[in-house]
file coords.cif (mmCIF, C-alpha atoms)
data_coords
#
loop_
_atom_site.label_atom_id
_atom_site.label_comp_id
_atom_site.auth_asym_id
_atom_site.auth_seq_id
_atom_site.Cartn_x
_atom_site.Cartn_y
_atom_site.Cartn_z
CA MET F 1 -242.66 -51.21 -99.47
CA SER F 2 -242.02 -52.36 -103.02
CA GLN F 3 -243.91 -55.54 -103.86
CA PRO F 4 -242.49 -56.75 -107.17
CA LEU F 5 -244.33 -60.09 -106.89
CA LYS F 6 -247.79 -58.61 -106.49
CA GLY F 7 -250.16 -60.76 -108.54
CA LYS F 8 -247.73 -63.70 -108.64
CA VAL F 9 -248.57 -67.10 -107.18
CA ALA F 10 -246.05 -69.31 -105.38
CA LEU F 11 -246.16 -72.79 -103.96
CA VAL F 12 -243.63 -73.52 -101.22
CA ALA F 13 -243.61 -77.26 -100.67
CA GLY F 14 -242.19 -77.87 -97.21
CA ALA F 15 -242.98 -74.49 -95.68
CA THR F 16 -243.60 -75.55 -92.10
CA ARG F 17 -240.30 -74.40 -90.67
CA GLY F 18 -236.67 -73.60 -91.49
CA ALA F 19 -235.74 -72.48 -94.98
CA GLY F 20 -239.23 -73.20 -96.32
CA ARG F 21 -240.83 -70.86 -93.83
CA GLY F 22 -238.24 -68.15 -94.48
CA ILE F 23 -238.80 -68.44 -98.23
CA ALA F 24 -242.58 -68.32 -97.92
CA VAL F 25 -242.46 -65.22 -95.71
CA GLU F 26 -240.10 -63.32 -98.01
CA LEU F 27 -242.19 -64.18 -101.07
CA GLY F 28 -245.14 -62.78 -99.12
CA ALA F 29 -243.20 -59.65 -98.24
CA ALA F 30 -242.64 -59.19 -101.98
CA GLY F 31 -246.42 -59.32 -102.50
CA ALA F 32 -246.98 -62.89 -103.66
CA THR F 33 -249.83 -65.23 -102.89
CA VAL F 34 -248.11 -68.20 -101.28
CA TYR F 35 -249.49 -71.70 -100.80
CA CYS F 36 -247.68 -73.19 -97.80
CA THR F 37 -247.59 -76.97 -97.52
CA GLY F 38 -246.35 -79.47 -94.98
CA ARG F 39 -247.47 -82.25 -92.72
CA SER F 40 -247.53 -80.39 -89.39
CA THR F 41 -250.82 -78.63 -88.70
CA ARG F 42 -252.54 -77.20 -85.65
CA ALA F 43 -254.62 -80.37 -85.52
CA ARG F 44 -251.88 -82.91 -86.20
CA ARG F 45 -248.09 -82.94 -86.02
CA SER F 46 -245.67 -84.91 -88.16
CA GLU F 47 -243.25 -87.39 -86.61
CA TYR F 48 -240.99 -84.44 -85.82
CA GLY F 49 -243.37 -83.61 -82.98
CA ARG F 50 -242.48 -79.92 -83.22
CA PRO F 51 -244.79 -76.94 -82.64
CA GLU F 52 -244.36 -75.18 -86.02
CA THR F 53 -247.34 -75.57 -88.38
CA VAL F 54 -248.25 -74.70 -91.95
CA GLU F 55 -251.04 -72.48 -90.65
CA ASP F 56 -248.50 -70.48 -88.64
CA THR F 57 -246.38 -70.03 -91.74
CA ALA F 58 -249.37 -68.88 -93.80
CA ASP F 59 -250.21 -66.31 -91.11
CA LEU F 60 -246.63 -65.01 -91.20
CA VAL F 61 -246.85 -64.67 -94.99
CA THR F 62 -249.98 -62.55 -94.67
CA GLU F 63 -248.46 -60.45 -91.88
CA ALA F 64 -245.46 -59.79 -94.14
CA GLY F 65 -247.72 -58.30 -96.81
CA GLY F 66 -248.65 -61.23 -99.01
CA HIS F 67 -251.51 -63.69 -98.98
CA GLY F 68 -250.65 -66.88 -97.15
CA ILE F 69 -252.71 -70.01 -97.75
CA ALA F 70 -252.07 -73.15 -95.71
CA HIS F 71 -252.60 -76.49 -97.41
CA PRO F 72 -251.59 -79.58 -95.42
CA ALA F 73 -250.11 -82.25 -97.68
CA ASP F 74 -247.85 -85.28 -97.63
CA HIS F 75 -245.78 -84.92 -100.78
CA LEU F 76 -245.09 -88.64 -100.91
CA ASP F 77 -248.78 -89.12 -101.76
CA PRO F 78 -249.37 -88.25 -105.44
CA ALA F 79 -253.11 -87.93 -104.88
CA GLN F 80 -252.59 -85.29 -102.21
CA VAL F 81 -250.17 -83.36 -104.41
CA ARG F 82 -252.53 -83.57 -107.37
CA ALA F 83 -255.35 -82.20 -105.20
CA LEU F 84 -253.08 -79.36 -104.05
CA VAL F 85 -252.19 -78.35 -107.60
CA ASP F 86 -255.83 -78.62 -108.66
CA ARG F 87 -256.71 -76.22 -105.87
CA VAL F 88 -254.08 -73.72 -106.99
CA ALA F 89 -255.32 -73.99 -110.57
CA ASP F 90 -258.98 -73.55 -109.55
CA GLU F 91 -258.32 -70.61 -107.21
CA GLN F 92 -255.54 -68.79 -109.09
CA GLY F 93 -255.36 -70.13 -112.64
CA ARG F 94 -251.59 -69.90 -112.59
CA LEU F 95 -248.40 -70.83 -110.76
CA ASP F 96 -245.36 -68.60 -111.11
CA VAL F 97 -242.94 -69.98 -108.52
CA LEU F 98 -242.50 -73.55 -107.30
CA VAL F 99 -240.15 -74.10 -104.37
CA ASN F 100 -239.30 -77.71 -103.57
CA ASP F 101 -238.01 -77.52 -99.99
CA ILE F 102 -239.37 -80.83 -98.73
CA TRP F 103 -236.92 -82.58 -96.43
CA GLY F 104 -238.17 -84.31 -93.30
CA GLY F 105 -234.97 -86.30 -92.77
CA GLU F 106 -233.62 -84.59 -89.67
CA THR F 107 -234.13 -87.62 -87.39
CA LEU F 108 -233.22 -90.25 -90.00
CA PHE F 109 -229.49 -89.88 -90.64
CA GLU F 110 -226.48 -90.94 -88.59
CA TRP F 111 -223.25 -88.95 -88.73
CA ASP F 112 -220.21 -90.63 -90.29
CA VAL F 113 -221.74 -94.10 -90.27
CA PRO F 114 -220.95 -96.24 -93.35
CA MET F 115 -223.99 -97.17 -95.38
CA TRP F 116 -223.82 -100.90 -94.53
CA GLU F 117 -224.01 -100.04 -90.82
CA HIS F 118 -226.63 -97.29 -91.18
CA ASP F 119 -230.25 -98.20 -90.45
CA LEU F 120 -231.52 -99.17 -93.91
CA ASP F 121 -235.17 -98.28 -93.33
CA ASN F 122 -234.20 -94.82 -92.11
CA GLY F 123 -231.82 -94.30 -95.03
CA LEU F 124 -234.40 -95.27 -97.61
CA ARG F 125 -237.06 -93.19 -95.88
CA LEU F 126 -234.69 -90.20 -96.03
CA LEU F 127 -234.23 -90.67 -99.77
CA ARG F 128 -237.99 -90.89 -100.30
CA LEU F 129 -238.64 -87.75 -98.27
CA ALA F 130 -235.78 -85.72 -99.76
CA VAL F 131 -235.88 -86.85 -103.39
CA GLU F 132 -239.09 -88.65 -104.32
CA THR F 133 -241.25 -85.87 -102.86
CA HIS F 134 -239.58 -83.31 -105.13
CA ALA F 135 -240.20 -85.47 -108.19
CA VAL F 136 -243.85 -86.07 -107.28
CA THR F 137 -244.44 -82.37 -106.70
CA SER F 138 -242.76 -81.21 -109.89
CA HIS F 139 -244.58 -83.86 -111.94
CA HIS F 140 -247.96 -82.49 -110.90
CA ALA F 141 -247.11 -78.77 -110.60
CA LEU F 142 -245.06 -78.09 -113.72
CA PRO F 143 -247.94 -78.22 -116.23
CA LEU F 144 -249.61 -75.40 -114.30
CA LEU F 145 -246.36 -73.44 -114.00
CA LEU F 146 -245.86 -73.71 -117.77
CA ARG F 147 -249.22 -72.14 -118.57
CA HIS F 148 -247.55 -68.71 -118.42
CA PRO F 149 -243.99 -67.88 -119.51
CA GLY F 150 -241.37 -66.90 -116.97
CA GLY F 151 -242.04 -69.55 -114.31
CA LEU F 152 -239.37 -70.37 -111.75
CA VAL F 153 -238.58 -73.66 -109.99
CA VAL F 154 -236.26 -73.59 -106.98
CA GLU F 155 -234.82 -76.87 -105.73
CA VAL F 156 -233.59 -76.27 -102.18
CA THR F 157 -230.65 -78.41 -101.07
CA ASP F 158 -227.65 -78.32 -98.75
CA GLY F 159 -224.40 -77.40 -100.44
CA THR F 160 -223.41 -75.97 -103.78
CA ALA F 161 -222.58 -78.22 -106.70
CA ASP F 162 -218.88 -77.36 -106.35
CA TYR F 163 -218.79 -77.99 -102.61
CA ASN F 164 -220.73 -81.24 -102.72
CA ARG F 165 -218.68 -82.54 -105.65
CA ASP F 166 -215.52 -82.40 -103.56
CA THR F 167 -216.91 -82.97 -100.04
CA TYR F 168 -218.39 -86.06 -98.43
CA ARG F 169 -221.61 -84.93 -96.75
CA VAL F 170 -222.44 -86.68 -93.45
CA ASN F 171 -223.09 -90.21 -94.80
CA PHE F 172 -224.06 -92.13 -97.94
CA PHE F 173 -227.80 -91.44 -97.72
CA TYR F 174 -227.48 -87.74 -96.87
CA ASP F 175 -224.81 -87.20 -99.50
CA LEU F 176 -226.90 -88.93 -102.16
CA ALA F 177 -230.03 -86.97 -101.27
CA LYS F 178 -228.38 -83.57 -101.52
CA ALA F 179 -226.52 -84.44 -104.73
CA SER F 180 -229.76 -85.71 -106.26
CA VAL F 181 -231.56 -82.43 -105.65
CA LEU F 182 -228.72 -80.54 -107.30
CA ARG F 183 -229.01 -82.78 -110.33
CA MET F 184 -232.79 -82.32 -110.39
CA ALA F 185 -232.34 -78.61 -110.99
CA PHE F 186 -229.82 -79.30 -113.75
CA ALA F 187 -232.18 -81.76 -115.48
CA LEU F 188 -235.24 -79.56 -115.05
CA GLY F 189 -233.28 -76.66 -116.50
CA HIS F 190 -232.83 -78.63 -119.71
CA GLU F 191 -236.52 -79.49 -119.88
CA LEU F 192 -237.96 -76.15 -118.77
CA GLY F 193 -235.60 -73.73 -120.49
CA PRO F 194 -236.88 -74.30 -124.04
CA ARG F 195 -240.42 -73.96 -122.68
CA GLY F 196 -239.90 -70.52 -121.18
CA ALA F 197 -239.26 -71.42 -117.54
CA THR F 198 -236.21 -71.58 -115.28
CA ALA F 199 -234.99 -74.13 -112.74
CA VAL F 200 -232.21 -73.57 -110.20
CA ALA F 201 -230.75 -75.32 -107.19
CA LEU F 202 -230.36 -73.10 -104.14
CA THR F 203 -228.63 -73.70 -100.84
CA PRO F 204 -228.72 -71.61 -97.68
CA GLY F 205 -225.59 -71.46 -95.61
CA TRP F 206 -225.41 -72.60 -92.00
CA LEU F 207 -229.06 -72.08 -91.19
CA ARG F 208 -230.34 -70.81 -87.86
CA SER F 209 -233.49 -72.89 -88.18
CA GLU F 210 -235.76 -73.59 -85.25
CA ILE F 211 -234.24 -77.04 -84.88
CA MET F 212 -230.66 -75.78 -85.07
CA LEU F 213 -231.24 -73.05 -82.50
CA GLU F 214 -232.88 -75.55 -80.17
CA HIS F 215 -229.98 -77.97 -80.66
CA PHE F 216 -227.55 -75.30 -79.48
CA GLY F 217 -229.83 -74.23 -76.62
CA VAL F 218 -230.25 -70.66 -77.88
CA GLY F 219 -232.85 -68.49 -79.60
CA GLU F 220 -232.57 -66.04 -82.44
CA GLU F 221 -232.15 -63.18 -79.98
CA ASN F 222 -229.08 -64.74 -78.29
CA TRP F 223 -227.73 -67.09 -80.97
CA ARG F 224 -224.20 -65.81 -80.50
CA ASP F 225 -224.13 -67.46 -77.08
CA ALA F 226 -223.53 -70.72 -78.96
CA LEU F 227 -220.20 -69.49 -80.33
CA ASP F 228 -218.29 -70.48 -77.19
CA ARG F 229 -219.03 -74.12 -78.07
CA VAL F 230 -219.26 -73.86 -81.87
CA PRO F 231 -217.14 -70.89 -83.00
CA HIS F 232 -217.78 -71.36 -86.73
CA PHE F 233 -221.51 -70.90 -86.09
CA ALA F 234 -220.61 -67.21 -86.37
CA ILE F 235 -221.14 -67.50 -90.14
CA SER F 236 -224.74 -68.69 -89.70
CA GLU F 237 -227.77 -66.99 -91.24
CA THR F 238 -231.50 -66.72 -90.66
CA PRO F 239 -234.02 -68.58 -92.86
CA ARG F 240 -235.18 -65.23 -94.16
CA TYR F 241 -231.83 -64.73 -95.92
CA VAL F 242 -232.43 -67.60 -98.34
CA GLY F 243 -236.00 -66.36 -98.56
CA ARG F 244 -234.76 -63.04 -99.85
CA ALA F 245 -232.64 -64.93 -102.37
CA VAL F 246 -235.74 -66.66 -103.75
CA ALA F 247 -237.73 -63.42 -103.82
CA ALA F 248 -234.92 -61.71 -105.73
CA LEU F 249 -234.77 -64.53 -108.27
CA ALA F 250 -238.54 -64.51 -108.73
CA ALA F 251 -238.55 -60.76 -109.37
CA ASP F 252 -235.64 -60.83 -111.83
CA PRO F 253 -236.84 -60.58 -115.46
CA ASP F 254 -233.49 -62.01 -116.53
CA VAL F 255 -233.53 -64.99 -114.15
CA ALA F 256 -233.15 -67.40 -117.09
CA ARG F 257 -229.42 -66.66 -117.09
CA PHE F 258 -229.20 -68.93 -114.03
CA ASN F 259 -231.13 -71.79 -115.59
CA GLY F 260 -229.88 -75.21 -114.49
CA THR F 261 -227.23 -73.83 -112.16
CA SER F 262 -226.37 -74.17 -108.48
CA LEU F 263 -226.75 -71.00 -106.39
CA SER F 264 -226.30 -69.98 -102.75
CA SER F 265 -227.90 -67.37 -100.54
CA GLY F 266 -224.54 -65.67 -100.00
CA GLY F 267 -223.72 -65.60 -103.69
CA LEU F 268 -227.10 -64.16 -104.60
CA ALA F 269 -226.78 -61.53 -101.87
CA ARG F 270 -223.73 -60.23 -103.70
CA GLU F 271 -225.60 -60.41 -107.01
CA TYR F 272 -228.77 -58.62 -105.87
CA GLY F 273 -227.58 -56.55 -102.90
CA PHE F 274 -229.94 -57.86 -100.21
CA THR F 275 -228.85 -58.59 -96.63
CA ASP F 276 -229.87 -60.82 -93.78
CA LEU F 277 -232.19 -59.44 -91.11
CA ASP F 278 -229.27 -57.96 -89.14
CA GLY F 279 -227.92 -56.10 -92.17
CA SER F 280 -225.00 -58.50 -92.69
CA ARG F 281 -224.27 -60.50 -95.82
CA PRO F 282 -222.90 -63.92 -94.77
CA ASP F 283 -221.13 -65.95 -97.44
CA ALA F 284 -221.13 -69.34 -95.74
CA TRP F 285 -219.90 -71.62 -98.51
CA ARG F 286 -216.82 -69.55 -99.25
CA TYR F 287 -216.17 -69.37 -95.50
CA LEU F 288 -216.50 -73.14 -95.08
CA VAL F 289 -213.90 -73.80 -97.74
CA GLU F 290 -211.45 -71.06 -96.85
CA VAL F 291 -211.77 -71.01 -93.05
CA GLN F 292 -213.58 -73.93 -91.41
CA ASP F 293 -212.50 -76.79 -93.69
CA ALA F 294 -209.03 -75.30 -93.98
CA GLY F 295 -208.63 -75.63 -90.20
CA ARG F 296 -208.29 -71.92 -89.57
CA PRO F 297 -209.65 -70.24 -86.40
CA ALA F 298 -213.19 -68.90 -86.64
CA ASP F 299 -213.14 -65.39 -88.04
CA THR F 300 -215.92 -64.05 -90.24
CA THR F 301 -214.06 -60.90 -91.24
CA GLY F 302 -214.62 -60.49 -94.96
CA TYR F 303 -217.25 -63.23 -95.02
CA ARG F 304 -220.28 -61.41 -93.67
#
call {"tool": "encode", "arguments": {"input": "coords.cif", "output": "structure tokens"}}
result
Amino acid sequence: MSQPLKGKVALVAGATRGAGRGIAVELGAAGATVYCTGRSTRARRSEYGRPETVEDTADLVTEAGGHGIAHPADHLDPAQVRALVDRVADEQGRLDVLVNDIWGGETLFEWDVPMWEHDLDNGLRLLRLAVETHAVTSHHALPLLLRHPGGLVVEVTDGTADYNRDTYRVNFFYDLAKASVLRMAFALGHELGPRGATAVALTPGWLRSEIMLEHFGVGEENWRDALDRVPHFAISETPRYVGRAVAALAADPDVARFNGTSLSSGGLAREYGFTDLDGSRPDAWRYLVEVQDAGRPADTTGYR
């Protein structure tokens, strides 16, 4: 297999599960050394209480052909993040790809609840986990990334800039968090571009994460069984699809043309020609606008 990222070093912040895990594994498949961070370890789980761990992700990276390194860290703690980056610097002397996929807000938001009725502590905790963690991580990691030209920063969010501009997302706190991450990529693009690096925002489509599959009572092998209850779930994609998007960006010598922009897994699949694990090419954000949000019956013809 071609490994265009052989010799490259990546840090995937928030790699325990979901998109972060898919991104870490695909960077590994492309040959990269990948530091995988998160709060859930084999010795201690986060408040999610789920079985996925950073060690498991690191093992999957290595199995895919890269070198996976687990490093437990709470990205709200600057000292822990500084220690993480110091370790990468000491062991590798470089950082080529930084992926900010820290989230942790799955149990903290309430659907369609106005902000004055939403639990304030949960809302503020969501903003800290989804926004502050990204800022802390970039603050400490970017000096190392800038040591060598061509570095890439990927800010993972939910929704493209166009979609989120025109669409209210879940509630005040969720909407603000996802819009903030989009703006982070825009701002970092202005600061990194003149210094030889690139920053982008990237969104997966409707993600078949571990939590989402469990919510629908299915697994990856029988995910289509959920379509009787949620027909539009037919447009969904695996976490590896957005992982392939990141790997393609990281291997593109002309990636700077995307600097400061908002990208999606489906859009980049058209750009680079990769597919999801089943060989399809879902384009979720176009589908959401033209089919789901338009009130049309579920039909993915022409969208995957």
call {"tool": "atom_distance", "arguments": {"input": "coords.cif", "atom1": "CA of Arg87 (chain F)", "atom2": "CA of Leu182 (chain F)"}}
result
28.4 Å
call {"tool": "closest_residue", "arguments": {"input": "coords.cif", "among": "F:Leu145, F:Thr203, F:Arg169, F:Glu191", "to": "Gly93 (chain F)", "atoms": "all atoms listed in the file"}}
result
F:Leu145
call {"tool": "resolve_selection", "arguments": {"input": "coords.cif", "expression": "the PyMOL selection byres ((chain F and resi 27) around 8)", "output": "tab-separated table (two decimals) with C-alpha atoms, in the coordinates of the input"}}
result
chain	number	residue	atom	x	y	z
F	5	LEU	CA	-244.33	-60.09	-106.89
F	10	ALA	CA	-246.05	-69.31	-105.38
F	23	ILE	CA	-238.80	-68.44	-98.23
F	24	ALA	CA	-242.58	-68.32	-97.92
F	25	VAL	CA	-242.46	-65.22	-95.71
F	26	GLU	CA	-240.10	-63.32	-98.01
F	28	GLY	CA	-245.14	-62.78	-99.12
F	29	ALA	CA	-243.20	-59.65	-98.24
F	30	ALA	CA	-242.64	-59.19	-101.98
F	31	GLY	CA	-246.42	-59.32	-102.50
F	32	ALA	CA	-246.98	-62.89	-103.66
F	33	THR	CA	-249.83	-65.23	-102.89
F	34	VAL	CA	-248.11	-68.20	-101.28
F	61	VAL	CA	-246.85	-64.67	-94.99
F	66	GLY	CA	-248.65	-61.23	-99.01
F	243	GLY	CA	-236.00	-66.36	-98.56
F	244	ARG	CA	-234.76	-63.04	-99.85
F	246	VAL	CA	-235.74	-66.66	-103.75
F	247	ALA	CA	-237.73	-63.42	-103.82
call {"tool": "resolve_selection", "arguments": {"input": "coords.cif", "expression": "the PyMOL selection byres ((chain F and resi 122-128) around 8)", "output": "PyMOL selection string"}}
result
chain F and resi 76+103-105+108-109+118-121+129-133+173-174+176-177
call {"tool": "residues_around", "arguments": {"input": "coords.cif", "residues": "Ala248 (chain F)", "least_positions_apart": "2", "cutoff": "12 Å", "atoms": "all atoms listed in the file", "output": "PyMOL selection string"}}
result
chain F and resi 3-5+23+26-27+29-30+97+152+241-246+250-255+265+268-275
call {"tool": "write_last_selection", "arguments": {"input": "coords.cif", "atoms": "C-alpha atoms", "output": "PDB file, in the coordinates of the input"}}
result
ATOM      1  CA  GLN F   3    -243.910 -55.540-103.860  1.00  0.00           C
ATOM      2  CA  PRO F   4    -242.490 -56.750-107.170  1.00  0.00           C
ATOM      3  CA  LEU F   5    -244.330 -60.090-106.890  1.00  0.00           C
ATOM      4  CA  ILE F  23    -238.800 -68.440 -98.230  1.00  0.00           C
ATOM      5  CA  GLU F  26    -240.100 -63.320 -98.010  1.00  0.00           C
ATOM      6  CA  LEU F  27    -242.190 -64.180-101.070  1.00  0.00           C
ATOM      7  CA  ALA F  29    -243.200 -59.650 -98.240  1.00  0.00           C
ATOM      8  CA  ALA F  30    -242.640 -59.190-101.980  1.00  0.00           C
ATOM      9  CA  VAL F  97    -242.940 -69.980-108.520  1.00  0.00           C
ATOM     10  CA  LEU F 152    -239.370 -70.370-111.750  1.00  0.00           C
ATOM     11  CA  TYR F 241    -231.830 -64.730 -95.920  1.00  0.00           C
ATOM     12  CA  VAL F 242    -232.430 -67.600 -98.340  1.00  0.00           C
ATOM     13  CA  GLY F 243    -236.000 -66.360 -98.560  1.00  0.00           C
ATOM     14  CA  ARG F 244    -234.760 -63.040 -99.850  1.00  0.00           C
ATOM     15  CA  ALA F 245    -232.640 -64.930-102.370  1.00  0.00           C
ATOM     16  CA  VAL F 246    -235.740 -66.660-103.750  1.00  0.00           C
ATOM     17  CA  ALA F 250    -238.540 -64.510-108.730  1.00  0.00           C
ATOM     18  CA  ALA F 251    -238.550 -60.760-109.370  1.00  0.00           C
ATOM     19  CA  ASP F 252    -235.640 -60.830-111.830  1.00  0.00           C
ATOM     20  CA  PRO F 253    -236.840 -60.580-115.460  1.00  0.00           C
ATOM     21  CA  ASP F 254    -233.490 -62.010-116.530  1.00  0.00           C
ATOM     22  CA  VAL F 255    -233.530 -64.990-114.150  1.00  0.00           C
ATOM     23  CA  SER F 265    -227.900 -67.370-100.540  1.00  0.00           C
ATOM     24  CA  LEU F 268    -227.100 -64.160-104.600  1.00  0.00           C
ATOM     25  CA  ALA F 269    -226.780 -61.530-101.870  1.00  0.00           C
ATOM     26  CA  ARG F 270    -223.730 -60.230-103.700  1.00  0.00           C
ATOM     27  CA  GLU F 271    -225.600 -60.410-107.010  1.00  0.00           C
ATOM     28  CA  TYR F 272    -228.770 -58.620-105.870  1.00  0.00           C
ATOM     29  CA  GLY F 273    -227.580 -56.550-102.900  1.00  0.00           C
ATOM     30  CA  PHE F 274    -229.940 -57.860-100.210  1.00  0.00           C
ATOM     31  CA  THR F 275    -228.850 -58.590 -96.630  1.00  0.00           C
TER      32      THR F 275
END
call {"tool": "resolve_selection", "arguments": {"input": "coords.cif", "expression": "the PyMOL selection byres ((chain F and resi 75) around 9)", "output": "PyMOL selection string"}}
result
chain F and resi 13-14+37-39+73-74+76-81+102+129+132-134+136-137
call {"tool": "atom_distance", "arguments": {"input": "coords.cif", "atom1": "CA of Thr62 (chain F)", "atom2": "CA of Ser280 (chain F)"}}
result
25.4 Å
call {"tool": "closest_residue", "arguments": {"input": "coords.cif", "among": "F:Tyr287, F:Tyr163, F:Trp206, F:Phe172", "to": "Met115 (chain F)", "atoms": "only C-alpha atoms"}}
result
F:Phe172
call {"tool": "atom_distance", "arguments": {"input": "coords.cif", "atom1": "CA of Arg240 (chain F)", "atom2": "CA of Arg224 (chain F)"}}
result
17.5 Å
call {"tool": "residues_around", "arguments": {"input": "coords.cif", "residues": "Ala179 (chain F)", "least_positions_apart": "6", "cutoff": "9 Å", "atoms": "all atoms listed in the file", "output": "ChimeraX atom specification"}}
result
/F:157-159,161,164-165
call {"tool": "closest_residue", "arguments": {"input": "coords.cif", "among": "F:Gln92, F:Thr160, F:Thr107, F:Thr198", "to": "Leu263 (chain F)", "atoms": "all atoms listed in the file"}}
result
F:Thr160
call {"tool": "closest_residue", "arguments": {"input": "coords.cif", "among": "F:Leu202, F:Ala234, F:Ala135, F:Val85", "to": "Ala284 (chain F)", "atoms": "all atoms listed in the file"}}
result
F:Ala234
call {"tool": "closest_residue", "arguments": {"input": "coords.cif", "among": "F:Arg17, F:Lys6, F:Lys178, F:Arg42", "to": "Arg208 (chain F)", "atoms": "all atoms listed in the file"}}
result
F:Arg17
call {"tool": "closest_residue", "arguments": {"input": "coords.cif", "among": "F:Arg21, F:His190, F:His139, F:Arg82", "to": "Leu60 (chain F)", "atoms": "all atoms listed in the file"}}
result
F:Arg21
call {"tool": "residues_near_point", "arguments": {"input": "coords.cif", "point": "(-251.4, -72.9, -108.3)", "cutoff": "8 Å", "atoms": "only C-alpha atoms", "output": "PyMOL selection string"}}
result
chain F and resi 9-11+35+84-96+141+144-145
call {"tool": "write_last_selection", "arguments": {"input": "coords.cif", "atoms": "C-alpha atoms", "output": "PDB file, in the frame of the given file"}}
result
ATOM      1  CA  VAL F   9    -248.570 -67.100-107.180  1.00  0.00           C
ATOM      2  CA  ALA F  10    -246.050 -69.310-105.380  1.00  0.00           C
ATOM      3  CA  LEU F  11    -246.160 -72.790-103.960  1.00  0.00           C
ATOM      4  CA  TYR F  35    -249.490 -71.700-100.800  1.00  0.00           C
ATOM      5  CA  LEU F  84    -253.080 -79.360-104.050  1.00  0.00           C
ATOM      6  CA  VAL F  85    -252.190 -78.350-107.600  1.00  0.00           C
ATOM      7  CA  ASP F  86    -255.830 -78.620-108.660  1.00  0.00           C
ATOM      8  CA  ARG F  87    -256.710 -76.220-105.870  1.00  0.00           C
ATOM      9  CA  VAL F  88    -254.080 -73.720-106.990  1.00  0.00           C
ATOM     10  CA  ALA F  89    -255.320 -73.990-110.570  1.00  0.00           C
ATOM     11  CA  ASP F  90    -258.980 -73.550-109.550  1.00  0.00           C
ATOM     12  CA  GLU F  91    -258.320 -70.610-107.210  1.00  0.00           C
ATOM     13  CA  GLN F  92    -255.540 -68.790-109.090  1.00  0.00           C
ATOM     14  CA  GLY F  93    -255.360 -70.130-112.640  1.00  0.00           C
ATOM     15  CA  ARG F  94    -251.590 -69.900-112.590  1.00  0.00           C
ATOM     16  CA  LEU F  95    -248.400 -70.830-110.760  1.00  0.00           C
ATOM     17  CA  ASP F  96    -245.360 -68.600-111.110  1.00  0.00           C
ATOM     18  CA  ALA F 141    -247.110 -78.770-110.600  1.00  0.00           C
ATOM     19  CA  LEU F 144    -249.610 -75.400-114.300  1.00  0.00           C
ATOM     20  CA  LEU F 145    -246.360 -73.440-114.000  1.00  0.00           C
TER      21      LEU F 145
END
call {"tool": "axis_aligned_box", "arguments": {"input": "coords.cif", "around": "region 199-204 of chain F", "padding_each_side": "4 Å", "output": "lines of an AutoDock Vina configuration file"}}
result
center_x = -231.8
center_y = -73.5
center_z = -105.2
size_x = 14.4
size_y = 11.7
size_z = 23.1
call {"tool": "residues_around", "arguments": {"input": "coords.cif", "residues": "Asn259 (chain F)", "least_positions_apart": "6", "cutoff": "9 Å", "atoms": "only C-alpha atoms", "output": "list in words"}}
result
Ala185, Phe186, Leu188, Gly189, His190, Leu192, Gly193, Ala197, Thr198, Ala199 and Val200 of chain F
call {"tool": "build_atoms", "arguments": {"input": "coords.cif", "residues": "region 232-240 of chain F", "atoms": "N, CA, C and O atoms", "output": "compact mmCIF listing (two decimals), in the coordinates of the input"}}
result
# COMPACT_ATOMS: atom_id res chain seq x y z
N HIS F 232 -217.48 -71.60 -85.32
CA HIS F 232 -217.78 -71.36 -86.73
C HIS F 232 -219.26 -71.06 -86.98
O HIS F 232 -219.62 -70.64 -88.09
N PHE F 233 -220.09 -71.26 -85.98
CA PHE F 233 -221.51 -70.90 -86.09
C PHE F 233 -221.67 -69.39 -86.31
O PHE F 233 -222.74 -68.91 -86.67
N ALA F 234 -220.59 -68.66 -86.15
CA ALA F 234 -220.61 -67.21 -86.37
C ALA F 234 -220.99 -66.85 -87.81
O ALA F 234 -221.44 -65.74 -88.07
N ILE F 235 -220.81 -67.79 -88.74
CA ILE F 235 -221.14 -67.50 -90.14
C ILE F 235 -222.61 -67.77 -90.43
O ILE F 235 -223.08 -67.53 -91.55
N SER F 236 -223.37 -68.24 -89.47
CA SER F 236 -224.74 -68.69 -89.70
C SER F 236 -225.66 -67.55 -90.14
O SER F 236 -225.35 -66.37 -89.99
N GLU F 237 -226.81 -67.95 -90.68
CA GLU F 237 -227.77 -66.99 -91.24
C GLU F 237 -229.20 -67.38 -90.88
O GLU F 237 -229.47 -68.54 -90.56
N THR F 238 -230.10 -66.43 -90.94
CA THR F 238 -231.50 -66.72 -90.66
C THR F 238 -232.16 -67.35 -91.90
O THR F 238 -231.69 -67.18 -93.02
N PRO F 239 -233.28 -68.05 -91.71
CA PRO F 239 -234.02 -68.58 -92.86
C PRO F 239 -234.54 -67.51 -93.80
O PRO F 239 -234.81 -67.79 -94.97
N ARG F 240 -234.67 -66.31 -93.30
CA ARG F 240 -235.18 -65.23 -94.16
C ARG F 240 -234.16 -64.81 -95.22
O ARG F 240 -234.53 -64.24 -96.26
